[in-house]
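File shown: final00.cif. Contents: mmCIF, C-alpha atoms.
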data_target
loop_
_atom_site.label_atom_id
_atom_site.label_comp_id
_atom_site.auth_asym_id
_atom_site.auth_seq_id
_atom_site.Cartn_x
_atom_site.Cartn_y
_atom_site.Cartn_z
CA MET A 22 0.00 0.00 0.00
CA SER A 23 1.19 3.54 -0.62
CA ASN A 24 -0.15 6.94 0.38
CA ASP A 25 -3.76 5.78 0.62
CA LEU A 26 -4.27 5.83 4.39
CA VAL A 27 -3.21 7.34 7.71
CA VAL A 28 -1.71 5.26 10.52
CA ILE A 29 -3.11 5.99 13.98
CA LEU A 30 -1.28 4.50 16.97
CA THR A 31 -2.20 4.35 20.65
CA ALA A 32 -0.43 3.01 23.74
CA LEU A 33 -3.44 1.89 25.82
CA ASN A 34 -6.47 -0.25 24.98
CA LEU A 35 -8.72 2.55 26.25
CA GLU A 36 -7.20 4.91 23.69
CA TYR A 37 -7.34 2.25 20.97
CA GLN A 38 -11.05 1.67 21.53
CA ALA A 39 -11.79 5.42 21.40
CA VAL A 40 -10.36 5.50 17.86
CA ARG A 41 -11.79 2.16 16.76
CA GLU A 42 -15.34 3.29 17.54
CA LYS A 43 -15.03 5.86 14.77
CA LEU A 44 -14.10 3.32 12.08
CA VAL A 45 -16.46 1.40 9.82
CA GLU A 46 -15.85 -2.35 9.45
CA PRO A 47 -12.24 -2.45 10.67
CA ARG A 48 -10.49 -5.55 9.31
CA LEU A 49 -7.48 -7.35 10.66
CA HIS A 50 -4.12 -6.78 8.98
CA ARG A 51 -1.42 -8.96 10.49
CA HIS A 52 2.25 -8.05 10.15
CA ASP A 53 4.49 -11.02 9.44
CA ARG A 54 6.15 -10.51 12.87
CA GLY A 55 2.86 -10.80 14.70
CA THR A 56 1.86 -7.15 15.14
CA ARG A 57 -1.85 -6.75 14.56
CA PHE A 58 -3.38 -3.70 12.88
CA GLU A 59 -6.99 -3.00 12.00
CA VAL A 60 -7.73 -1.15 8.77
CA GLY A 61 -11.06 0.62 8.42
CA THR A 62 -12.70 3.74 7.04
CA VAL A 63 -13.67 6.76 9.11
CA ARG A 64 -17.44 6.86 9.34
CA GLY A 65 -19.00 9.19 6.76
CA THR A 66 -15.77 9.70 4.79
CA SER A 67 -13.48 7.89 2.37
CA CYS A 68 -10.49 8.25 4.73
CA ARG A 69 -8.82 4.90 5.45
CA VAL A 70 -7.03 4.36 8.76
CA ALA A 71 -4.64 1.64 9.93
CA LEU A 72 -4.97 1.42 13.73
CA GLY A 73 -2.29 -0.14 15.92
CA LEU A 74 -1.40 -0.58 19.60
CA THR A 75 2.17 0.16 20.73
CA SER A 76 1.91 -0.58 24.49
CA LYS A 77 3.64 1.68 27.04
CA GLY A 78 7.07 3.19 26.60
CA ASN A 79 9.13 5.01 23.99
CA HIS A 80 11.05 1.92 22.91
CA SER A 81 7.99 -0.17 22.10
CA ALA A 82 6.31 2.84 20.45
CA ALA A 83 9.33 3.40 18.20
CA VAL A 84 9.43 -0.22 17.02
CA ILE A 85 5.70 -0.45 16.27
CA ALA A 86 5.66 2.97 14.58
CA GLU A 87 8.59 2.00 12.36
CA ARG A 88 6.85 -1.29 11.56
CA ALA A 89 3.61 0.49 10.65
CA ILE A 90 5.41 2.98 8.41
CA GLN A 91 7.22 0.23 6.52
CA GLU A 92 4.05 -1.86 6.21
CA PHE A 93 1.66 0.84 4.99
CA SER A 94 3.74 3.77 3.62
CA PRO A 95 1.11 6.11 5.11
CA VAL A 96 0.37 9.75 4.36
CA ALA A 97 1.15 10.41 8.04
CA VAL A 98 1.35 8.80 11.48
CA VAL A 99 -0.94 10.20 14.18
CA PHE A 100 -0.20 9.18 17.76
CA VAL A 101 -3.28 9.54 19.97
CA GLY A 102 -3.74 9.11 23.70
CA VAL A 103 -3.73 10.69 27.16
CA ALA A 104 -1.10 12.64 29.08
CA GLY A 105 -0.55 14.56 32.29
CA ALA A 106 -0.55 18.37 32.33
CA LEU A 107 2.55 20.12 33.69
CA TRP A 108 0.98 23.57 33.96
CA GLU A 109 -2.48 25.08 34.38
CA THR A 110 -2.54 26.19 30.74
CA ALA A 111 -4.12 22.94 29.63
CA ARG A 112 -7.23 21.97 31.55
CA LEU A 113 -8.54 18.46 32.11
CA GLY A 114 -10.13 17.20 28.91
CA ASP A 115 -8.25 19.63 26.68
CA VAL A 116 -6.17 18.35 23.77
CA VAL A 117 -2.47 19.15 23.33
CA MET A 118 -0.97 18.89 19.86
CA ALA A 119 2.81 18.81 20.02
CA THR A 120 4.77 21.54 18.28
CA HIS A 121 7.87 19.61 19.35
CA VAL A 122 8.72 16.60 21.49
CA TYR A 123 11.45 16.38 24.15
CA ALA A 124 13.09 13.06 25.05
CA TYR A 125 13.81 14.54 28.47
CA HIS A 126 15.69 11.62 30.01
CA GLY A 127 18.76 12.39 27.92
CA GLY A 128 21.41 13.86 30.24
CA THR A 129 24.70 13.49 32.06
CA SER A 130 25.38 13.07 35.78
CA GLU A 131 28.21 15.31 37.03
CA ASP A 132 29.63 16.32 40.40
CA ASP A 133 27.52 19.45 40.50
CA GLY A 134 24.32 17.68 39.47
CA ARG A 135 22.43 16.30 36.54
CA LYS A 136 22.73 18.20 33.24
CA ALA A 137 20.06 18.03 30.53
CA ARG A 138 20.99 16.69 27.11
CA PRO A 139 17.61 16.26 25.45
CA ARG A 140 16.77 15.19 21.93
CA VAL A 141 14.07 17.24 20.25
CA TRP A 142 11.82 16.55 17.26
CA GLU A 143 9.73 19.33 15.75
CA ALA A 144 6.32 18.64 14.25
CA PRO A 145 6.22 18.94 10.44
CA HIS A 146 5.22 22.44 9.38
CA GLY A 147 2.30 21.31 7.20
CA ILE A 148 0.77 19.21 9.97
CA SER A 149 1.16 22.04 12.50
CA GLN A 150 -0.54 24.45 10.10
CA LEU A 151 -3.41 22.03 9.50
CA GLY A 152 -3.84 21.39 13.23
CA SER A 153 -4.06 25.13 13.91
CA HIS A 154 -6.63 25.49 11.15
CA LEU A 155 -8.83 22.73 12.60
CA ALA A 156 -8.52 24.25 16.08
CA ARG A 157 -9.79 27.55 14.73
CA LEU A 158 -12.75 25.84 13.09
CA ASN A 159 -13.53 24.30 16.50
CA ASP A 160 -16.03 21.78 15.13
CA TRP A 161 -14.12 18.56 15.77
CA ALA A 162 -15.30 17.64 19.29
CA ASP A 163 -17.96 14.99 19.84
CA GLY A 164 -21.21 16.61 20.91
CA THR A 165 -21.95 14.15 23.74
CA PRO A 166 -24.57 15.47 26.20
CA GLY A 167 -23.40 15.88 29.79
CA GLN A 168 -19.71 16.26 28.93
CA GLY A 169 -19.52 19.85 30.17
CA ARG A 170 -17.51 22.53 28.41
CA VAL A 171 -16.15 22.07 24.92
CA PRO A 172 -12.49 20.98 25.04
CA GLN A 173 -9.86 23.28 23.57
CA VAL A 174 -6.77 22.47 21.51
CA ARG A 175 -3.46 23.72 22.92
CA PHE A 176 -0.20 23.80 21.00
CA GLY A 177 3.18 23.38 22.67
CA ALA A 178 5.96 21.03 23.65
CA ILE A 179 5.33 17.54 25.03
CA ALA A 180 7.92 15.89 27.28
CA ALA A 181 8.37 12.12 26.85
CA GLY A 182 10.31 10.06 29.38
CA GLU A 183 10.77 6.51 30.58
CA VAL A 184 8.86 6.63 33.87
CA VAL A 185 5.33 7.50 34.96
CA GLN A 186 5.49 11.04 36.33
CA ASN A 187 2.99 11.34 39.17
CA SER A 188 4.30 14.01 41.52
CA ARG A 189 4.66 17.77 41.65
CA ILE A 190 7.26 17.84 44.43
CA SER A 191 9.69 15.02 43.60
CA ALA A 192 13.23 15.80 42.45
CA ASP A 193 12.32 14.60 38.94
CA ALA A 194 9.25 16.83 38.82
CA GLN A 195 11.24 19.89 39.86
CA TRP A 196 14.02 19.07 37.39
CA ILE A 197 11.55 18.72 34.50
CA ARG A 198 9.87 22.01 35.30
CA GLN A 199 13.24 23.71 35.55
CA HIS A 200 14.70 22.44 32.25
CA TYR A 201 11.52 21.94 30.18
CA ASN A 202 9.32 24.72 31.43
CA ASP A 203 7.66 25.20 28.03
CA ALA A 204 6.30 21.64 27.97
CA LEU A 205 2.53 21.55 28.40
CA ALA A 206 2.19 17.80 28.95
CA ILE A 207 4.21 14.76 29.91
CA GLU A 208 3.94 11.12 28.81
CA MET A 209 5.99 8.06 27.78
CA GLU A 210 5.69 7.31 24.03
CA ALA A 211 5.86 10.46 21.87
CA ALA A 212 9.66 10.47 21.60
CA GLY A 213 9.71 6.94 20.21
CA VAL A 214 7.06 7.68 17.57
CA ALA A 215 8.74 10.97 16.62
CA GLN A 216 12.09 9.21 16.23
CA ALA A 217 10.56 6.53 14.00
CA GLY A 218 8.96 9.18 11.81
CA HIS A 219 12.24 11.09 11.59
CA LEU A 220 14.22 8.02 10.51
CA SER A 221 11.56 6.87 8.02
CA GLY A 222 10.70 10.25 6.56
CA ALA A 223 7.04 9.95 7.57
CA PRO A 224 5.18 13.02 8.94
CA VAL A 225 4.15 12.52 12.58
CA ALA A 226 1.48 14.25 14.67
CA ILE A 227 1.37 13.79 18.45
CA ILE A 228 -2.07 14.42 19.97
CA ARG A 229 -2.73 14.01 23.70
CA GLY A 230 -5.86 14.47 25.79
CA ILE A 231 -5.20 15.80 29.31
CA SER A 232 -6.42 13.22 31.83
CA ASP A 233 -4.53 14.32 34.97
CA ARG A 234 -2.03 16.86 36.31
CA ALA A 235 0.90 14.54 37.05
CA ASP A 236 0.46 15.47 40.70
CA GLY A 237 -0.14 12.19 42.53
CA THR A 238 -3.78 11.71 41.49
CA LYS A 239 -3.30 9.20 38.64
CA SER A 240 -4.94 6.37 40.59
CA SER A 241 -7.79 8.45 41.99
CA ALA A 242 -11.46 8.29 41.08
CA LYS A 243 -11.10 11.68 39.42
CA ASP A 244 -8.43 10.32 37.07
CA ARG A 245 -10.54 7.26 36.25
CA ASN A 246 -13.36 9.62 35.31
CA TRP A 247 -11.25 11.92 33.14
CA GLN A 248 -9.12 9.34 31.37
CA PRO A 249 -11.83 8.00 29.01
CA ARG A 250 -13.04 11.53 28.28
CA ALA A 251 -9.52 12.72 27.51
CA ALA A 252 -8.92 9.68 25.29
CA ALA A 253 -12.19 10.33 23.42
CA ASN A 254 -11.26 13.99 22.86
CA ALA A 255 -7.81 13.08 21.56
CA ALA A 256 -9.35 10.45 19.27
CA ALA A 257 -11.90 12.94 17.90
CA PHE A 258 -9.23 15.50 17.02
CA GLY A 259 -6.85 12.85 15.70
CA ILE A 260 -9.53 11.40 13.42
CA ARG A 261 -10.46 14.85 12.13
CA LEU A 262 -6.80 15.54 11.39
CA ALA A 263 -6.48 12.21 9.55
CA VAL A 264 -9.54 12.97 7.39
CA GLU A 265 -8.16 16.38 6.45
CA LEU A 266 -4.73 14.93 5.67
CA MET A 267 -6.27 12.39 3.31
CA GLY A 268 -8.42 15.09 1.73
CA GLU A 269 -5.33 17.16 1.01
CA GLN A 270 -3.58 14.10 -0.42
CA GLU A 271 -6.55 13.46 -2.72
CA GLN A 272 -6.49 17.07 -3.94
CA ILE A 273 -2.77 16.82 -4.65
CA ALA A 274 -3.29 13.58 -6.58
CA MET A 275 -6.14 15.08 -8.61
CA ALA A 276 -4.09 18.19 -9.42
CA GLN A 277 -1.22 15.98 -10.51
CA ALA A 278 -3.57 13.90 -12.68
CA ASP A 279 -4.87 17.07 -14.32
CA LYS A 280 -1.31 18.26 -14.94
CA ASP A 281 -0.27 14.90 -16.37
CA GLN A 282 -3.30 14.90 -18.66
CA ALA A 283 -2.54 18.42 -19.84
CA ASP A 284 1.10 17.50 -20.45
CA LYS A 285 0.06 14.45 -22.47
CA ALA A 286 -2.38 16.52 -24.50
CA GLN A 287 0.28 19.12 -25.21
CA ALA A 288 2.80 16.46 -26.18
CA ALA A 289 0.28 14.72 -28.38
CA GLY A 290 -0.60 18.03 -30.04
CA THR A 291 3.05 18.73 -30.72
CA HIS A 292 3.88 15.34 -32.23
CA ALA A 293 0.50 14.21 -33.55
CA ASP A 294 -0.25 13.11 -37.04
CA GLN A 295 -1.49 15.81 -39.45
CA VAL A 296 -4.55 15.31 -41.60
CA SER A 297 -4.79 17.10 -44.95
CA ASN A 298 -7.89 17.44 -47.11
CA THR A 299 -6.83 17.29 -50.77
CA ALA A 300 -10.33 17.12 -52.28
CA HIS A 301 -11.49 20.45 -53.62
CA HIS A 302 -14.67 21.98 -52.23
CA SER A 303 -15.20 19.11 -49.74
CA THR A 304 -15.81 18.93 -45.98
CA VAL A 305 -13.93 16.76 -43.50
CA GLY A 306 -15.37 15.86 -40.08
CA ILE A 307 -12.69 14.97 -37.54
CA MET A 308 -12.11 14.82 -33.76
CA ALA A 309 -8.91 16.79 -33.26
CA GLY A 310 -6.57 17.44 -30.41
CA SER A 311 -5.85 20.99 -31.59
CA VAL A 312 -6.08 23.23 -34.63
CA ARG A 313 -3.25 25.63 -35.45
CA GLU A 314 -3.47 27.85 -38.52
CA SER A 315 -4.50 25.45 -41.31
CA SER A 316 -3.22 22.22 -39.76
CA VAL A 317 -5.27 19.78 -37.68
CA HIS A 318 -3.35 17.80 -35.06
CA VAL A 319 -4.84 14.53 -33.84
CA ASN A 320 -4.11 13.10 -30.38
CA ALA A 321 -3.10 9.47 -30.82
CA ALA A 322 -2.49 8.22 -27.27
CA ALA A 323 -2.91 4.46 -27.05
CA SER A 324 -5.43 3.01 -24.61
CA LYS A 325 -4.32 0.52 -22.00
CA VAL A 326 -7.66 -1.31 -22.35
CA SER A 327 -7.40 -4.19 -24.81
CA SER A 328 -10.36 -6.36 -23.79
CA ALA A 329 -13.81 -6.23 -22.20
CA THR A 330 -12.30 -7.62 -18.99
CA ASP A 331 -9.80 -4.75 -18.90
CA LEU A 332 -12.59 -2.23 -19.42
CA VAL A 333 -14.67 -3.67 -16.57
CA ALA A 334 -11.65 -3.50 -14.26
CA GLU A 335 -11.04 0.15 -15.21
CA LEU A 336 -14.71 0.96 -14.59
CA ASP A 337 -14.48 -0.62 -11.13
CA GLY A 338 -11.55 1.65 -10.36
CA PHE A 339 -13.47 4.67 -11.63
CA GLN A 340 -16.36 3.83 -9.27
CA GLY A 341 -13.96 4.11 -6.34
CA ARG A 342 -13.02 7.62 -7.42
CA LEU A 343 -16.71 8.52 -7.77
CA GLU A 344 -17.37 7.27 -4.25
CA ARG A 345 -14.58 9.45 -2.86
CA HIS A 346 -15.91 12.55 -4.56
CA HIS A 347 -19.37 11.86 -3.15
CA ALA A 348 -18.11 11.08 0.38
CA GLU A 349 -16.14 14.34 0.46
CA GLY A 350 -19.19 16.36 -0.63
CA ALA A 351 -17.86 17.35 -4.05
CA LEU A 352 -20.45 15.27 -5.91
CA ASP A 353 -24.08 15.84 -4.88
CA ALA A 354 -26.39 12.93 -4.15
CA ASP A 355 -28.54 13.21 -7.30
CA THR A 356 -25.57 13.43 -9.66
CA TYR A 357 -23.85 10.60 -7.81
CA ARG A 358 -26.93 8.38 -8.15
CA GLU A 359 -27.27 9.10 -11.88
CA ALA A 360 -23.53 8.57 -12.41
CA LEU A 361 -23.67 5.17 -10.70
CA ALA A 362 -26.62 4.18 -12.88
CA GLU A 363 -24.76 5.03 -16.10
CA LEU A 364 -21.63 3.33 -14.79
CA GLY A 365 -23.64 0.20 -14.03
CA LEU A 366 -25.08 0.18 -17.57
CA ALA A 367 -21.61 0.55 -19.05
CA ARG A 368 -20.19 -2.22 -16.89
CA GLN A 369 -23.06 -4.60 -17.74
CA ALA A 370 -22.76 -3.87 -21.45
CA ALA A 371 -18.99 -4.35 -21.40
CA ARG A 372 -19.41 -7.78 -19.79
CA GLU A 373 -21.72 -8.92 -22.62
CA GLY A 374 -18.86 -8.48 -25.09
CA THR A 375 -20.88 -8.04 -28.30
CA PRO A 376 -20.59 -5.25 -30.91
CA GLU A 377 -24.06 -3.99 -29.97
CA SER A 378 -23.29 -4.01 -26.24
CA ALA A 379 -20.03 -2.13 -26.90
CA LYS A 380 -22.09 0.66 -28.47
CA LYS A 381 -24.33 0.70 -25.39
CA ALA A 382 -21.29 0.93 -23.15
CA THR A 383 -19.90 3.81 -25.19
CA MET A 384 -23.15 5.78 -24.99
CA ALA A 385 -23.45 5.18 -21.24
CA LEU A 386 -19.90 6.42 -20.68
CA LYS A 387 -20.54 9.51 -22.79
CA ARG A 388 -23.60 10.31 -20.67
CA LEU A 389 -21.51 9.70 -17.55
CA ARG A 390 -18.86 12.08 -18.87
CA GLY A 391 -21.50 14.77 -19.17
CA LEU A 392 -22.63 14.22 -15.58
CA VAL A 393 -19.11 14.75 -14.20
CA ALA A 394 -18.03 17.43 -16.68
CA GLU A 395 -17.17 19.90 -13.89
CA PHE A 396 -14.52 17.54 -12.46
CA PRO A 397 -11.46 17.56 -14.75
CA ALA A 398 -9.80 14.61 -13.04
CA LEU A 399 -12.88 12.40 -13.55
CA VAL A 400 -13.25 13.52 -17.17
CA ALA A 401 -9.58 12.74 -17.77
CA MET A 402 -10.09 9.21 -16.41
CA LEU A 403 -13.19 8.67 -18.57
CA ALA A 404 -11.79 9.90 -21.88
CA PRO A 405 -9.67 6.81 -22.70
CA LEU A 406 -12.45 4.51 -21.44
CA VAL A 407 -14.94 6.00 -23.92
CA VAL A 408 -12.43 5.43 -26.71
CA ALA A 409 -11.71 1.88 -25.50
CA ALA A 410 -15.40 0.99 -25.32
CA GLY A 411 -15.87 2.15 -28.89
CA ALA A 412 -12.88 0.14 -30.04
CA LEU A 413 -14.45 -3.08 -28.70
CA SER A 414 -17.42 -2.83 -31.07
#
Take the structure from the file and write it as structure tokens.
Amino acid sequence: MSNDLVVILTALNLEYQAVREKLVEPRLHRHDRGTRFEVGTVRGTSCRVALGLTSKGNHSAAVIAERAIQEFSPVAVVFVGVAGALWETARLGDVVMATHVYAYHGGTSEDDGRKARPRVWEAPHGISQLGSHLARLNDWADGTPGQGRVPQVRFGAIAAGEVVQNSRISADAQWIRQHYNDALAIEMEAAGVAQAGHLSGAPVAIIRGISDRADGTKSSAKDRNWQPRAAANAAAFGIRLAVELMGEQEQIAMAQADKDQADKAQAAGTHADQVSNTAHHSTVGIMAGSVRESSVHVNAAASKVSSATDLVAELDGFQGRLERHHAEGALDADTYREALAELGLARQAAREGTPESAKKATMALKRLRGLVAEFPALVAMLAPLVVAAGALS
């Protein structure tokens, strides 16, 4: 697989379930080393997600993140879960999206004390910009009755270490606040995921819901109440981010398809055969790529479809693109319904494999082309299929 989904990872089963609830028909995908992922589609969208569980700790998170990146070649990796707040800036239930991640346990022990030698990974600029945009829209949170105020998204550093931090007065707590006083939250996996993304070249987003204040209350009833809410909030924002990332990827792919089509048309116009009319006072009807001065240039790109079976396979692929346009709201329901009807007629006619059915398939595809005329990428995909259907007659 390549660039057709987003990987979402969590450390705890509670966090995993909060994401899984938002997926339609998640299906098992087993890595050959035993790691289990579930691949599903975000409800109401065409965004595909591969969901995995890392377990606790930066080391385990790094290994599973690297494994997921190699297995799926995702658009991005989104790490979702809960964390403790280091300052009052982030309230319980709020979401923190990391601008950068500190691996704060890096250091050296000297006679005059412990000196910090952290590693730092910054969030990719594009992901940070998109996260800020979604935060401004402020329409990502689940509207569950009785959940109190709407959670806010905070942006800042996240500190990731190797121990559970559950005190405000311990030597470690004081040291962290002294050397990493810009960190909004603290947890145990973000550094591993960030490192895996850095080494693999995959964009990484770290999203944490605030479930406690790292102040000795992690095992209290209050923490048990806030943890599922914080996990749900982080999952909601992470899913929204994933959908937007896939939407941007789709737009980039469509723009590239349009550019490629234009380049092919230009190249075909430059090198195409020329047709000359040598009969005096006669008329020639011709479908031309371009007309320049008195010369007609014919596009002569060869179709990849050589049989009815090939055509049916291409039509199946085109239906997937139609579905994405409809799921993203670009194609309205009535047009989508009519387009599917014409596509079904073309597919059925192509399967029959007779000269008469080929004509039916061609006419259906021409009507379909008219329905999607305002979408250049769809028209570009249909053009060679119309030609191929005609060639089968």
**Study point:** For Ala83 (chain A): contacts at 9 Å, all atoms listed in the file, fewer than 4 positions along chain excluded, given as a list in words
**Key:**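 Near neighbours after the sequence-gap exclusion: Thr75, Gly78, Asn79, Glu87, Arg88, Glu210, Ala211, Ala212, Gly213, Val214, Ala215, Gln216, Ala217 and Gly218 of chain A.
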Practice item. Considering all atoms listed in the file, return as a VMD selection string whatever protein or nucleic-acid residues lie within 6 Å of region 29-37 of chain A, sequence-local ones (same chain, fewer than 5 positions apart) excluded. Key: chain A and resid 72 to 77 98 to 102 252
Check your understanding: To one decimal place, how far is CA of Leu266 (chain A) from CA of Ser153 (chain A) in Å?
Key ->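 Pair CA of Leu266 (chain A) / CA of Ser153 (chain A) returns 13.1 Å.
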Check your understanding: Given the choices A:Gly55, A:Pro249, A:Gly259, A:Pro145, which gets closest to Leu113 (chain A) if the distance is worked out from all atoms listed in the file?
Key ->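 Residue with the minimum atom-to-atom distance to Leu113 (chain A): A:Pro249.
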**Study point:** Atomic separation - CA of His121 (chain A) relative to CA of Arg261 (chain A), Å
**Key:**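 Straight-line distance from CA of Arg261 (chain A) to CA of His121 (chain A) works out to 20.3 Å.
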Practice item. Measure the distance from CA of Gly127 (chain A) to CA of Gly182 (chain A) in Å and round it to one decimal. Key: 8.9 Å
Review point. With all atoms listed in the file as the atoms that count, which of A:Asp233, A:Asp25, A:Asp355, A:Asp279 lies nearest to Leu392 (chain A)?
Key: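 Nearest candidate to Leu392 (chain A) out of A:Asp233, A:Asp25, A:Asp355, A:Asp279: A:Asp355.
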Exercise for review: May I ask which of the residues A:Ala206, A:Val264, A:Ala334, A:Ala283 is the closest one to Val63 (chain A), counting only C-alpha atoms?
Suggested key: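 Once distances to Val63 (chain A) are computed over only C-alpha atoms, the minimum belongs to A:Val264.
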